[in-house]
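Structure file structure_29.txt with compact mmCIF, C-alpha atoms:
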```
# COMPACT_ATOMS: atom_id res chain seq x y z
CA MET A 67 120.93 109.55 97.10
CA SER A 68 121.64 107.14 94.25
CA ILE A 69 122.87 103.58 94.52
CA SER A 70 123.46 100.91 91.90
CA ARG A 71 121.23 97.86 91.81
CA ARG A 72 124.21 95.57 92.47
CA ALA A 73 125.35 97.67 95.43
CA PHE A 74 121.78 97.89 96.72
CA GLY A 75 121.44 94.09 96.58
CA ALA A 76 124.80 93.62 98.27
CA THR A 77 123.76 96.03 101.01
CA PHE A 78 120.53 94.10 101.58
CA ALA A 79 122.41 90.79 101.65
CA GLY A 80 124.81 92.19 104.24
CA LEU A 81 121.99 93.53 106.33
CA ALA A 82 120.23 90.17 106.18
CA THR A 83 123.33 88.36 107.39
CA ALA A 84 123.91 90.84 110.22
CA ASN A 85 120.27 90.66 111.23
CA GLN A 86 120.26 86.88 111.35
CA LYS A 87 123.21 86.97 113.73
CA ALA A 88 121.58 89.65 115.87
CA TRP A 89 118.23 87.88 116.11
CA GLY A 90 119.54 84.33 116.08
CA TRP A 91 117.74 83.56 112.85
CA SER A 92 120.45 81.43 111.24
CA VAL A 93 119.00 78.22 112.70
CA ALA A 94 115.40 79.41 112.76
CA THR A 95 115.52 80.21 109.03
CA ASP A 96 115.75 76.49 108.38
CA ARG A 97 112.43 76.06 110.17
CA VAL A 98 110.72 78.60 107.92
CA ASN A 99 112.28 76.90 104.91
CA GLU A 100 110.85 73.58 106.01
CA THR A 101 107.44 75.13 106.62
CA LEU A 102 107.29 76.34 103.02
CA ARG A 103 109.04 73.36 101.45
CA SER A 104 106.82 70.78 103.11
CA GLY A 105 103.80 73.05 102.83
CA ILE A 106 103.78 73.30 99.05
CA ARG A 107 104.34 69.55 98.77
CA GLN A 108 101.51 68.63 101.13
CA ARG A 109 99.13 71.23 99.76
CA GLY A 110 99.84 70.62 96.07
CA ILE A 111 101.00 74.19 95.42
CA PRO A 112 103.39 74.47 92.45
CA ALA A 113 105.58 77.27 93.84
CA ALA A 114 105.91 79.76 96.66
CA VAL A 115 108.45 82.54 97.17
CA ALA A 116 108.61 84.55 100.40
CA MET A 117 110.49 87.32 102.17
CA ALA A 118 110.30 89.05 105.55
CA ALA A 119 112.03 92.22 106.70
CA THR A 120 112.24 95.04 109.19
CA ALA A 121 112.36 98.63 107.95
CA ASN A 122 116.08 98.28 107.21
CA GLN A 123 116.93 94.59 107.16
CA ILE A 124 115.85 91.48 105.31
CA VAL A 125 115.42 88.72 107.88
CA TYR A 126 114.12 85.87 105.72
CA GLN A 127 113.98 84.88 102.06
CA GLY A 128 113.15 81.57 100.42
CA ALA A 129 111.94 80.08 97.14
CA PHE A 130 110.36 76.64 96.72
CA GLY A 131 108.79 74.70 93.87
CA LYS A 132 108.81 74.94 90.09
CA ARG A 133 108.27 77.82 87.70
CA ASP A 134 106.09 75.65 85.46
CA ASP A 135 105.72 72.07 84.23
CA SER A 136 109.16 72.24 82.60
CA GLY A 137 110.63 71.67 86.06
CA VAL A 138 112.63 74.91 86.29
CA THR A 139 113.10 75.82 89.96
CA VAL A 140 111.77 79.16 91.19
CA ARG A 141 114.17 81.68 92.75
CA VAL A 142 113.87 84.67 95.02
CA ASP A 143 113.96 86.88 91.91
CA SER A 144 111.15 84.96 90.15
CA ILE A 145 108.47 87.27 88.76
CA PHE A 146 104.76 87.06 89.65
CA GLY A 147 101.63 88.82 88.50
CA ILE A 148 100.65 90.66 91.68
CA MET A 149 97.23 91.86 90.55
CA SER A 150 95.56 93.90 93.33
CA MET A 151 98.79 94.39 95.24
CA THR A 152 99.08 97.13 92.60
CA LYS A 153 96.40 99.08 94.50
CA ALA A 154 98.69 100.06 97.37
CA ILE A 155 101.20 101.54 94.92
CA THR A 156 98.44 103.48 93.14
CA SER A 157 97.27 104.76 96.52
CA VAL A 158 100.78 105.98 97.33
CA ALA A 159 100.87 107.79 93.98
CA ALA A 160 97.61 109.55 94.81
CA MET A 161 98.87 110.53 98.26
CA GLN A 162 101.98 112.06 96.70
CA LEU A 163 99.66 114.35 94.75
CA VAL A 164 97.74 115.14 97.95
CA GLU A 165 101.03 116.16 99.58
CA GLN A 166 101.75 118.47 96.66
CA GLY A 167 98.40 120.20 97.10
CA ARG A 168 97.24 119.11 93.66
CA LEU A 169 94.61 116.74 94.99
CA SER A 170 92.31 116.65 98.00
CA LEU A 171 90.66 113.59 99.48
CA GLU A 172 87.37 115.48 99.64
CA ASP A 173 87.46 116.51 95.98
CA PRO A 174 84.71 115.06 93.78
CA ALA A 175 86.36 112.62 91.37
CA ALA A 176 84.45 114.33 88.56
CA LYS A 177 86.64 117.41 89.07
CA TYR A 178 89.39 115.46 87.33
CA LEU A 179 87.36 112.85 85.44
CA PRO A 180 84.24 114.40 83.86
CA GLN A 181 82.86 110.97 83.00
CA LEU A 182 82.14 110.50 86.72
CA ALA A 183 79.90 113.58 86.91
CA ASP A 184 76.47 112.00 86.47
CA LEU A 185 76.67 108.60 88.09
CA LYS A 186 73.75 106.23 88.44
CA VAL A 187 72.99 104.05 91.46
CA LEU A 188 71.33 100.65 91.22
CA ASP A 189 67.87 100.88 92.80
CA GLY A 190 66.89 97.24 92.58
CA PHE A 191 65.43 95.22 89.72
CA ASP A 192 61.94 95.39 88.22
CA SER A 193 59.52 92.47 87.86
CA ASP A 194 61.24 91.42 84.65
CA GLY A 195 64.63 91.42 86.38
CA LYS A 196 65.82 94.54 84.59
CA ALA A 197 68.07 96.88 86.59
CA LYS A 198 66.49 100.10 87.86
CA LEU A 199 68.88 103.03 88.01
CA ARG A 200 68.56 106.46 89.63
CA PRO A 201 70.90 109.46 89.87
CA ALA A 202 73.39 109.33 92.73
CA LYS A 203 72.60 111.77 95.54
CA VAL A 204 76.22 112.11 96.68
CA PRO A 205 79.22 112.71 94.42
CA VAL A 206 82.00 110.13 94.54
CA THR A 207 85.09 111.66 96.17
CA ILE A 208 88.74 110.71 96.01
CA LYS A 209 88.43 109.36 99.56
CA HIS A 210 85.49 107.18 98.54
CA LEU A 211 87.65 105.72 95.79
CA LEU A 212 90.67 105.10 98.01
CA THR A 213 88.54 103.43 100.71
CA HIS A 214 86.26 101.31 98.48
CA THR A 215 83.16 103.12 99.71
CA SER A 216 82.32 104.62 96.31
CA GLY A 217 79.78 102.03 95.14
CA PHE A 218 81.95 100.78 92.26
CA CYS A 219 82.04 97.01 92.74
CA TYR A 220 83.56 93.88 91.24
CA ASP A 221 80.91 91.39 90.18
CA VAL A 222 83.04 88.60 91.68
CA TRP A 223 82.09 89.66 95.21
CA ASP A 224 78.90 91.73 94.96
CA GLY A 225 75.60 89.98 94.33
CA ASP A 226 73.86 92.98 92.76
CA MET A 227 76.80 93.69 90.48
CA PHE A 228 76.94 90.03 89.50
CA ARG A 229 73.24 90.08 88.62
CA TYR A 230 73.67 93.35 86.72
CA THR A 231 76.63 92.22 84.63
CA SER A 232 74.99 88.86 83.94
CA GLN A 233 72.26 90.70 82.03
CA LEU A 234 74.64 92.58 79.77
CA ASP A 235 75.06 91.53 76.16
CA PRO A 236 78.52 89.92 76.01
CA LYS A 237 78.85 91.07 72.39
CA ALA A 238 78.15 94.72 73.22
CA PRO A 239 81.00 97.13 74.03
CA ARG A 240 81.89 97.20 77.70
CA GLU A 241 80.52 100.09 79.71
CA THR A 242 82.98 102.89 80.29
CA VAL A 243 81.39 103.72 83.65
CA THR A 244 79.40 101.08 85.50
CA PRO A 245 76.56 101.97 87.88
CA LEU A 246 77.20 102.30 91.59
CA MET A 247 75.78 99.50 93.69
CA PHE A 248 75.04 101.82 96.62
CA GLU A 249 75.09 105.48 97.57
CA PRO A 250 78.72 106.63 98.09
CA GLY A 251 79.88 106.44 101.69
CA THR A 252 77.18 104.08 102.94
CA ARG A 253 78.99 100.75 102.55
CA TRP A 254 82.40 99.20 102.06
CA GLN A 255 82.60 96.92 99.05
CA TYR A 256 85.73 95.99 97.15
CA GLY A 257 85.75 97.01 93.51
CA THR A 258 87.12 99.08 90.67
CA SER A 259 87.51 102.28 92.68
CA VAL A 260 91.31 102.33 92.51
CA ASP A 261 91.16 101.96 88.72
CA TRP A 262 89.63 105.44 88.78
CA VAL A 263 92.28 106.67 91.23
CA GLY A 264 94.86 105.62 88.65
CA ARG A 265 93.13 107.68 85.99
CA VAL A 266 93.13 110.67 88.32
CA VAL A 267 96.89 110.26 88.79
CA GLU A 268 97.35 110.17 85.02
CA ALA A 269 95.12 113.22 84.49
CA LEU A 270 97.01 115.33 87.05
CA SER A 271 100.54 114.16 86.27
CA GLY A 272 100.37 114.10 82.49
CA MET A 273 102.00 110.66 82.58
CA ASN A 274 100.53 107.20 82.21
CA LEU A 275 100.71 105.02 85.30
CA GLU A 276 103.71 103.04 84.07
CA GLU A 277 105.69 106.24 83.59
CA TYR A 278 104.52 107.78 86.86
CA PHE A 279 105.23 104.70 88.93
CA GLN A 280 108.69 104.25 87.45
CA VAL A 281 109.72 107.88 87.94
CA LYS A 282 108.09 108.64 91.29
CA ILE A 283 108.04 105.32 93.17
CA LEU A 284 109.61 102.24 91.61
CA ARG A 285 113.02 103.46 90.47
CA PRO A 286 113.59 105.57 93.59
CA LEU A 287 112.91 102.47 95.69
CA GLY A 288 115.13 100.24 93.56
CA MET A 289 112.15 98.15 92.38
CA ARG A 290 113.76 97.23 89.06
CA ASP A 291 111.56 94.21 88.34
CA THR A 292 108.20 95.88 88.95
CA SER A 293 106.30 97.04 85.88
CA TYR A 294 103.10 96.68 83.89
CA ILE A 295 105.32 95.50 81.03
CA LEU A 296 107.27 92.24 81.14
CA PRO A 297 110.16 92.40 78.63
CA ALA A 298 111.19 89.28 76.75
CA SER A 299 114.51 89.33 78.62
CA LYS A 300 112.67 88.58 81.89
CA PHE A 301 110.18 86.03 80.59
CA ASP A 302 112.22 83.06 81.82
CA ARG A 303 111.72 84.33 85.39
CA LEU A 304 107.92 84.56 85.10
CA VAL A 305 106.03 81.96 87.15
CA ALA A 306 103.18 80.21 85.33
CA HIS A 307 99.53 80.66 86.29
CA TYR A 308 97.45 77.72 87.48
CA GLN A 309 93.71 77.19 87.93
CA ARG A 310 91.93 74.84 90.33
CA ALA A 311 90.42 72.16 88.07
CA GLY A 312 87.23 70.15 88.48
CA GLY A 313 89.03 67.25 90.10
CA GLY A 314 90.55 69.52 92.72
CA GLY A 315 94.07 69.67 91.31
CA LEU A 316 95.77 72.64 89.72
CA LYS A 317 96.00 72.87 85.93
CA GLN A 318 98.67 75.08 84.38
CA ASP A 319 97.59 77.77 81.94
CA ALA A 320 99.54 78.15 78.71
CA ARG A 321 102.78 79.98 79.47
CA VAL A 322 103.17 82.72 76.87
CA GLN A 323 105.03 86.00 76.72
CA PRO A 324 102.58 88.71 77.91
CA GLY A 325 101.99 91.59 75.54
CA ALA A 326 102.05 95.22 76.63
CA PRO A 327 98.64 96.29 78.01
CA LYS A 328 96.57 98.78 76.03
CA GLN A 329 96.12 100.85 79.18
CA PHE A 330 97.54 100.75 82.69
CA ILE A 331 95.04 99.99 85.46
CA GLY A 332 95.41 101.39 88.97
CA GLY A 333 93.69 98.38 90.49
CA GLY A 334 95.93 95.68 89.06
CA GLY A 335 98.30 94.50 86.39
CA LEU A 336 101.81 94.93 87.79
CA TYR A 337 104.49 92.24 87.70
CA SER A 338 106.88 92.12 90.62
CA THR A 339 109.13 90.05 92.88
CA VAL A 340 109.19 89.48 96.63
CA SER A 341 112.38 91.56 96.83
CA ASP A 342 110.83 94.51 95.05
CA TYR A 343 107.60 94.45 97.03
CA THR A 344 109.56 94.19 100.25
CA ARG A 345 111.27 97.47 99.37
CA PHE A 346 107.84 99.05 98.98
CA MET A 347 106.69 97.69 102.35
CA GLN A 348 109.91 98.83 104.02
CA MET A 349 109.12 102.35 102.84
CA ILE A 350 105.78 102.14 104.68
CA LEU A 351 107.51 100.79 107.79
CA GLY A 352 110.01 103.63 107.44
CA LYS A 353 107.19 106.19 107.56
CA GLY A 354 107.69 107.13 103.94
CA SER A 355 111.46 106.76 103.81
CA ALA A 356 113.02 103.70 102.20
CA ALA A 357 115.94 101.55 103.32
CA ASN A 358 118.06 103.40 100.73
CA GLN A 359 117.13 106.73 102.39
CA VAL A 360 114.85 107.88 99.55
CA GLN A 361 111.73 109.66 100.82
CA ILE A 362 108.55 108.73 98.96
CA LEU A 363 105.96 110.13 101.38
CA ARG A 364 105.92 112.26 104.51
CA PRO A 365 105.51 110.48 107.86
CA GLU A 366 102.16 112.14 108.51
CA THR A 367 100.88 110.94 105.14
CA VAL A 368 101.80 107.34 105.88
CA ALA A 369 100.16 107.70 109.30
CA SER A 370 96.91 108.78 107.63
CA MET A 371 97.01 105.76 105.32
CA ALA A 372 97.39 103.40 108.28
CA VAL A 373 94.33 104.41 110.32
CA ASN A 374 90.66 103.59 109.93
CA GLN A 375 89.10 105.83 107.27
CA ILE A 376 85.67 104.17 107.01
CA GLY A 377 84.18 104.87 110.43
CA ASP A 378 81.78 102.21 111.68
CA LEU A 379 81.76 100.28 108.41
CA THR A 380 83.37 96.84 108.21
CA ALA A 381 85.83 95.87 105.47
CA GLY A 382 87.32 92.69 104.08
CA LYS A 383 84.38 90.28 104.22
CA MET A 384 83.31 89.22 100.71
CA LYS A 385 81.06 86.45 99.45
CA SER A 386 82.16 85.04 96.09
CA TYR A 387 79.79 84.85 93.13
CA ARG A 388 82.39 83.39 90.77
CA ALA A 389 83.85 80.32 92.44
CA GLY A 390 86.51 79.83 89.78
CA GLY A 391 87.94 83.26 90.46
CA SER A 392 87.65 83.45 94.23
CA SER A 393 86.53 81.62 97.32
CA ASP A 394 84.66 83.61 99.97
CA VAL A 395 87.03 86.19 101.46
CA ASP A 396 87.46 86.58 105.21
CA MET A 397 91.05 87.31 106.13
CA GLN A 398 90.40 87.09 109.88
CA PRO A 399 87.23 85.11 110.66
CA GLY A 400 85.31 86.35 113.65
CA ALA A 401 87.08 89.72 113.76
CA MET A 402 86.21 93.17 112.45
CA GLU A 403 88.48 94.76 109.88
CA LYS A 404 88.77 98.35 108.70
CA TRP A 405 90.23 100.12 105.67
CA GLY A 406 92.74 102.95 105.59
CA LEU A 407 93.93 104.70 102.42
CA GLY A 408 95.08 101.72 100.38
CA PHE A 409 95.23 98.98 103.02
CA LEU A 410 93.04 96.59 104.99
CA ILE A 411 93.61 97.01 108.76
CA ASN A 412 93.06 94.24 111.32
CA THR A 413 91.64 95.53 114.60
CA THR A 414 92.67 92.49 116.66
CA PRO A 415 95.95 90.52 116.56
CA TYR A 416 96.28 87.31 114.57
CA GLU A 417 96.87 84.24 116.73
CA GLY A 418 100.60 83.59 116.60
CA GLY A 419 101.08 86.34 114.05
CA ARG A 420 100.73 90.02 113.24
CA ALA A 421 99.75 92.66 115.77
CA ALA A 422 96.52 94.65 115.74
CA GLY A 423 96.72 97.62 113.39
CA SER A 424 98.77 95.80 110.76
CA LEU A 425 98.25 96.71 107.11
CA THR A 426 97.56 94.09 104.47
CA TRP A 427 96.03 93.12 101.17
CA ALA A 428 96.61 90.63 98.38
CA GLY A 429 96.45 89.79 94.69
CA ALA A 430 93.98 87.48 92.95
CA PHE A 431 96.60 84.84 92.12
CA ASN A 432 97.23 84.33 95.85
CA THR A 433 99.98 86.81 96.47
CA PHE A 434 99.82 88.21 100.02
CA TYR A 435 101.61 90.75 102.18
CA TRP A 436 101.33 92.31 105.61
CA ILE A 437 103.01 95.27 107.29
CA ASP A 438 103.14 94.97 111.08
CA LEU A 439 103.70 98.55 112.23
CA LYS A 440 103.81 97.71 115.94
CA ARG A 441 106.59 95.14 115.56
CA SER A 442 108.30 96.80 112.60
CA LEU A 443 108.04 93.69 110.47
CA CYS A 444 106.73 93.13 106.96
CA ALA A 445 106.39 89.97 104.92
CA VAL A 446 105.23 88.84 101.49
CA LEU A 447 104.28 85.41 100.14
CA MET A 448 103.73 84.91 96.41
CA MET A 449 101.98 82.00 94.73
CA GLN A 450 100.33 82.01 91.31
CA PHE A 451 97.01 80.25 91.01
CA LEU A 452 93.25 80.66 91.23
CA PRO A 453 90.85 80.79 92.97
CA PHE A 454 91.79 83.69 95.22
CA VAL A 455 92.03 82.81 98.94
CA ASP A 456 92.03 79.14 98.00
CA ARG A 457 91.99 77.02 101.15
CA GLU A 458 95.46 75.63 100.52
CA ALA A 459 96.90 79.07 99.79
CA MET A 460 95.44 80.48 102.99
CA GLY A 461 96.74 77.52 104.93
CA LEU A 462 100.28 78.07 103.66
CA LEU A 463 100.03 81.80 104.38
CA GLN A 464 99.00 81.11 107.96
CA ASP A 465 101.78 78.56 108.43
CA PHE A 466 104.35 80.97 106.98
CA GLU A 467 103.18 83.84 109.18
CA ARG A 468 103.28 81.80 112.36
CA SER A 469 106.72 80.43 111.52
CA ILE A 470 108.06 83.97 111.02
CA TYR A 471 106.76 85.14 114.39
CA ARG A 472 107.90 82.01 116.24
CA ILE A 473 111.51 82.74 115.38
CA ARG A 474 111.32 86.48 116.06
```

Can I see the file as structure tokens?
Amino acid sequence: MSISRRAFGATFAGLATANQKAWGWSVATDRVNETLRSGIRQRGIPAAVAMAATANQIVYQGAFGKRDDSGVTVRVDSIFGIMSMTKAITSVAAMQLVEQGRLSLEDPAAKYLPQLADLKVLDGFDSDGKAKLRPAKVPVTIKHLLTHTSGFCYDVWDGDMFRYTSQLDPKAPRETVTPLMFEPGTRWQYGTSVDWVGRVVEALSGMNLEEYFQVKILRPLGMRDTSYILPASKFDRLVAHYQRAGGGGLKQDARVQPGAPKQFIGGGGLYSTVSDYTRFMQMILGKGSAANQVQILRPETVASMAVNQIGDLTAGKMKSYRAGGSSDVDMQPGAMEKWGLGFLINTTPYEGGRAAGSLTWAGAFNTFYWIDLKRSLCAVLMMQFLPFVDREAMGLLQDFERSIYRIR
């Protein structure tokens, strides 16, 4: 089924209006607006754009704040760098190949990427502080990569990886393959695993990730503003990046037209909008079928992505070793979280918010989403500043979530 972008947008607008009448959201929407409007003012956040939807209907959308220090107001179609929210899309791409029988979750990654054949595992540091490496006993599988149990880690959140990378010569070429920080399958630790999943997708499809995503996922879903490449024609919609400065305020980075990346990374790098990402989430809520009736995945595939795939391991708790890039990460303090195939899963409900079993993750510039399968509701909130999970960003996310569920 094909549908023009204008017709697709008109359909969504009509569905939103009908849904507001059905759920009585016309008055309640004002309350969510006020939550975000007052929230960014009180918390010193330059801009926030949000959307919430069921599988077929948009039930809330709002944009508040300024694009940059020029004073241009953000809109619902403002464009954000979504960083690690890319990972869910890469995971869907891999699962499409699993459905086609071209890829198995139990396959060694080296079957498709020979450079992963002889991996080394960090085995501590010697008396001089030099890293000791040994051959891995277990091959890294596709499932390890999709579940962040491979041993590939970001140095932002892993102490051993931070110590290892701190010893590298900054003038030397970057390593093509970094050591594993643990034996595959023995821990959950967030890292570069999905970068390698992206390379597997490229190797099997014969397309780079930008081409694959556009042909197999983004265009079919009507995600016209999602891409690794931001054309000059869309630059005026791009929201500026900010960084938490020494005095506690946010300092804007220089706002320049991004160049095309040299390579496309499965773990991050996409630009998108709340409208586009909502279409992606609606596809998950629709068990692989989108609001425009396009089928991206089979229902049983989506079901497999939404259940615990890491056994007794715990996911989502991460201590930061680079304070400028991230605060300590704990999406639901005091609760255990799991990981599916591309998503963090909360095992207990959020107070005043999402149900147990909801799917979620985020991007480094404080872009967040959740997919509440039990209540058939998804939502996304996009901001654009560091550090990740900044206290004010998390506070606004919590306020937004509770305001959405109060009016449901």

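Straight-line separation from CA of Tyr294 in chain A to CA of Gly147 in chain A: 9.2 Å.
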
ask   = Any idea what's packed within 7 Å of Glu172 in chain A, counting only C-alpha atoms, ignoring anything in its chain fewer than 4 positions away? Could you give it as a list of chain:residue names?
value =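 Residues meeting the cut-off are A:Thr207, A:Ile208, A:Lys209.
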
task = Tell me which of A:Met349, A:Met402, A:Ala306, A:Val158 sits closest to Thr139 in chain A, counting all atoms listed in the file.
result = A:Ala306

Could I get the residues of range 337-444 of chain A with an atom no further than 12 Å from an atom of range 120-138 of chain A, each paired with its nearest atom pair and that distance in Å to one decimal, using all atoms listed in the file, sorted by chain and residue number, as a Markdown table?
```
| residue | atom | partner | partner_atom | distance |
| --- | --- | --- | --- | --- |
| A:Thr339 | CA | A:Ala129 | CA | 11.2 |
| A:Val340 | CA | A:Gln127 | CA | 8.6 |
| A:Ser341 | CA | A:Gln127 | CA | 8.6 |
| A:Asp342 | CA | A:Ile124 | CA | 11.8 |
| A:Thr344 | CA | A:Ile124 | CA | 8.5 |
| A:Arg345 | CA | A:Ala121 | CA | 8.7 |
| A:Phe346 | CA | A:Ala121 | CA | 10.1 |
| A:Met347 | CA | A:Ala121 | CA | 8.0 |
| A:Gln348 | CA | A:Ala121 | CA | 4.6 |
| A:Met349 | CA | A:Ala121 | CA | 7.1 |
| A:Ile350 | CA | A:Ala121 | CA | 8.1 |
| A:Leu351 | CA | A:Ala121 | CA | 5.3 |
| A:Gly352 | CA | A:Ala121 | CA | 5.5 |
| A:Lys353 | CA | A:Ala121 | CA | 9.2 |
| A:Gly354 | CA | A:Ala121 | CA | 10.5 |
| A:Ser355 | CA | A:Ala121 | CA | 9.2 |
| A:Ala356 | CA | A:Ala121 | CA | 7.7 |
| A:Ala357 | CA | A:Asn122 | CA | 5.1 |
| A:Asn358 | CA | A:Asn122 | CA | 8.5 |
| A:Gln359 | CA | A:Asn122 | CA | 9.8 |
| A:Trp436 | CA | A:Thr120 | CA | 11.8 |
| A:Ile437 | CA | A:Thr120 | CA | 9.4 |
| A:Asp438 | CA | A:Thr120 | CA | 9.3 |
| A:Leu439 | CA | A:Ala121 | CA | 9.7 |
| A:Lys440 | CA | A:Thr120 | CA | 11.1 |
| A:Arg441 | CA | A:Thr120 | CA | 8.5 |
| A:Ser442 | CA | A:Thr120 | CA | 5.5 |
| A:Leu443 | CA | A:Thr120 | CA | 4.6 |
| A:Cys444 | CA | A:Thr120 | CA | 6.2 |
```

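Considering the residues A:Trp427, A:Tyr308, A:Tyr416, A:Trp262 and counting all atoms listed in the file, Gln464 in chain A has its shortest atom-to-atom contact with A:Tyr416.
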
Neighbour list for Asp396 in chain A as a list of chain:residue names, cut-off 10 Å, all atoms listed in the file, skip fewer than 3 positions in-chain =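 With the cut-off at 10 Å, the set is A:Ala381, A:Gly382, A:Lys383, A:Met384, A:Lys385, A:Ser393, A:Pro399, A:Gly400, A:Ala401, A:Met402, A:Glu403, A:Val455.
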
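Using all atoms listed in the file, the nearest neighbour of Ser293 in chain A within the list A:Ser338, A:Thr414, A:Thr258, A:Thr380 is A:Ser338.
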
inquiry  = Please compute the CA of Ala326 in chain A-CA of Leu211 in chain A distance, one decimal, in Å.
reply    = 26.2 Å

ask   = What is the CA of Thr152 in chain A to CA of Leu246 in chain A distance in Å?
value =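 Separation of CA of Thr152 in chain A and CA of Leu246 in chain A: 22.5 Å.
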
ask   = When distances are computed from all atoms listed in the file, which of A:Ala114, A:Ser216, A:Asp226, A:Arg141 shows the smallest separation from Lys198 in chain A?
value = A:Asp226

Leu462 in chain A environment, 10 Å, all atoms listed in the file, sequence neighbours closer than 2 positions dropped, as a PyMOL selection string = chain A and resi 101-102+104-106+108-109+111+114+447+449+457-460+464-468

Write a file for range 130-143 of chain A, containing N, CA and C atoms (output as a JSON list (two decimals), in the first residue's frame).
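What landed in result.json:
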```json
[["chain", "number", "residue", "atom", "x", "y", "z"],
["A", 130, "PHE", "N", 8.17, 22.94, 22.47],
["A", 130, "PHE", "CA", 8.37, 24.06, 23.37],
["A", 130, "PHE", "C", 9.84, 24.45, 23.41],
["A", 131, "GLY", "N", 10.10, 25.75, 23.41],
["A", 131, "GLY", "CA", 11.45, 26.24, 23.50],
["A", 131, "GLY", "C", 11.99, 26.72, 22.17],
["A", 132, "LYS", "N", 13.31, 26.93, 22.14],
["A", 132, "LYS", "CA", 13.97, 27.54, 20.98],
["A", 132, "LYS", "C", 14.95, 26.57, 20.33],
["A", 133, "ARG", "N", 15.03, 26.69, 19.01],
["A", 133, "ARG", "CA", 15.95, 25.85, 18.23],
["A", 133, "ARG", "C", 17.40, 26.10, 18.61],
["A", 134, "ASP", "N", 17.72, 27.37, 18.86],
["A", 134, "ASP", "CA", 19.08, 27.78, 19.22],
["A", 134, "ASP", "C", 19.02, 29.19, 19.78],
["A", 135, "ASP", "N", 20.19, 29.81, 19.96],
["A", 135, "ASP", "CA", 20.21, 31.14, 20.57],
["A", 135, "ASP", "C", 19.72, 32.25, 19.65],
["A", 136, "SER", "N", 19.34, 31.90, 18.42],
["A", 136, "SER", "CA", 18.74, 32.89, 17.52],
["A", 136, "SER", "C", 17.30, 33.20, 17.91],
["A", 137, "GLY", "N", 16.71, 32.33, 18.73],
["A", 137, "GLY", "CA", 15.35, 32.55, 19.18],
["A", 137, "GLY", "C", 14.27, 31.93, 18.32],
["A", 138, "VAL", "N", 14.66, 31.14, 17.29],
["A", 138, "VAL", "CA", 13.68, 30.46, 16.46],
["A", 138, "VAL", "C", 12.97, 29.39, 17.29],
["A", 139, "THR", "N", 11.65, 29.36, 17.23],
["A", 139, "THR", "CA", 10.86, 28.41, 18.01],
["A", 139, "THR", "C", 10.91, 27.01, 17.40],
["A", 140, "VAL", "N", 11.03, 25.99, 18.25],
["A", 140, "VAL", "CA", 11.00, 24.62, 17.75],
["A", 140, "VAL", "C", 9.57, 24.25, 17.36],
["A", 141, "ARG", "N", 9.45, 23.25, 16.50],
["A", 141, "ARG", "CA", 8.16, 22.76, 16.02],
["A", 141, "ARG", "C", 8.12, 21.25, 16.16],
["A", 142, "VAL", "N", 6.95, 20.68, 15.95],
["A", 142, "VAL", "CA", 6.83, 19.23, 16.02],
["A", 142, "VAL", "C", 7.72, 18.56, 14.97],
["A", 143, "ASP", "N", 7.98, 19.23, 13.85],
["A", 143, "ASP", "CA", 8.83, 18.63, 12.82],
["A", 143, "ASP", "C", 10.29, 19.05, 12.95]]
```
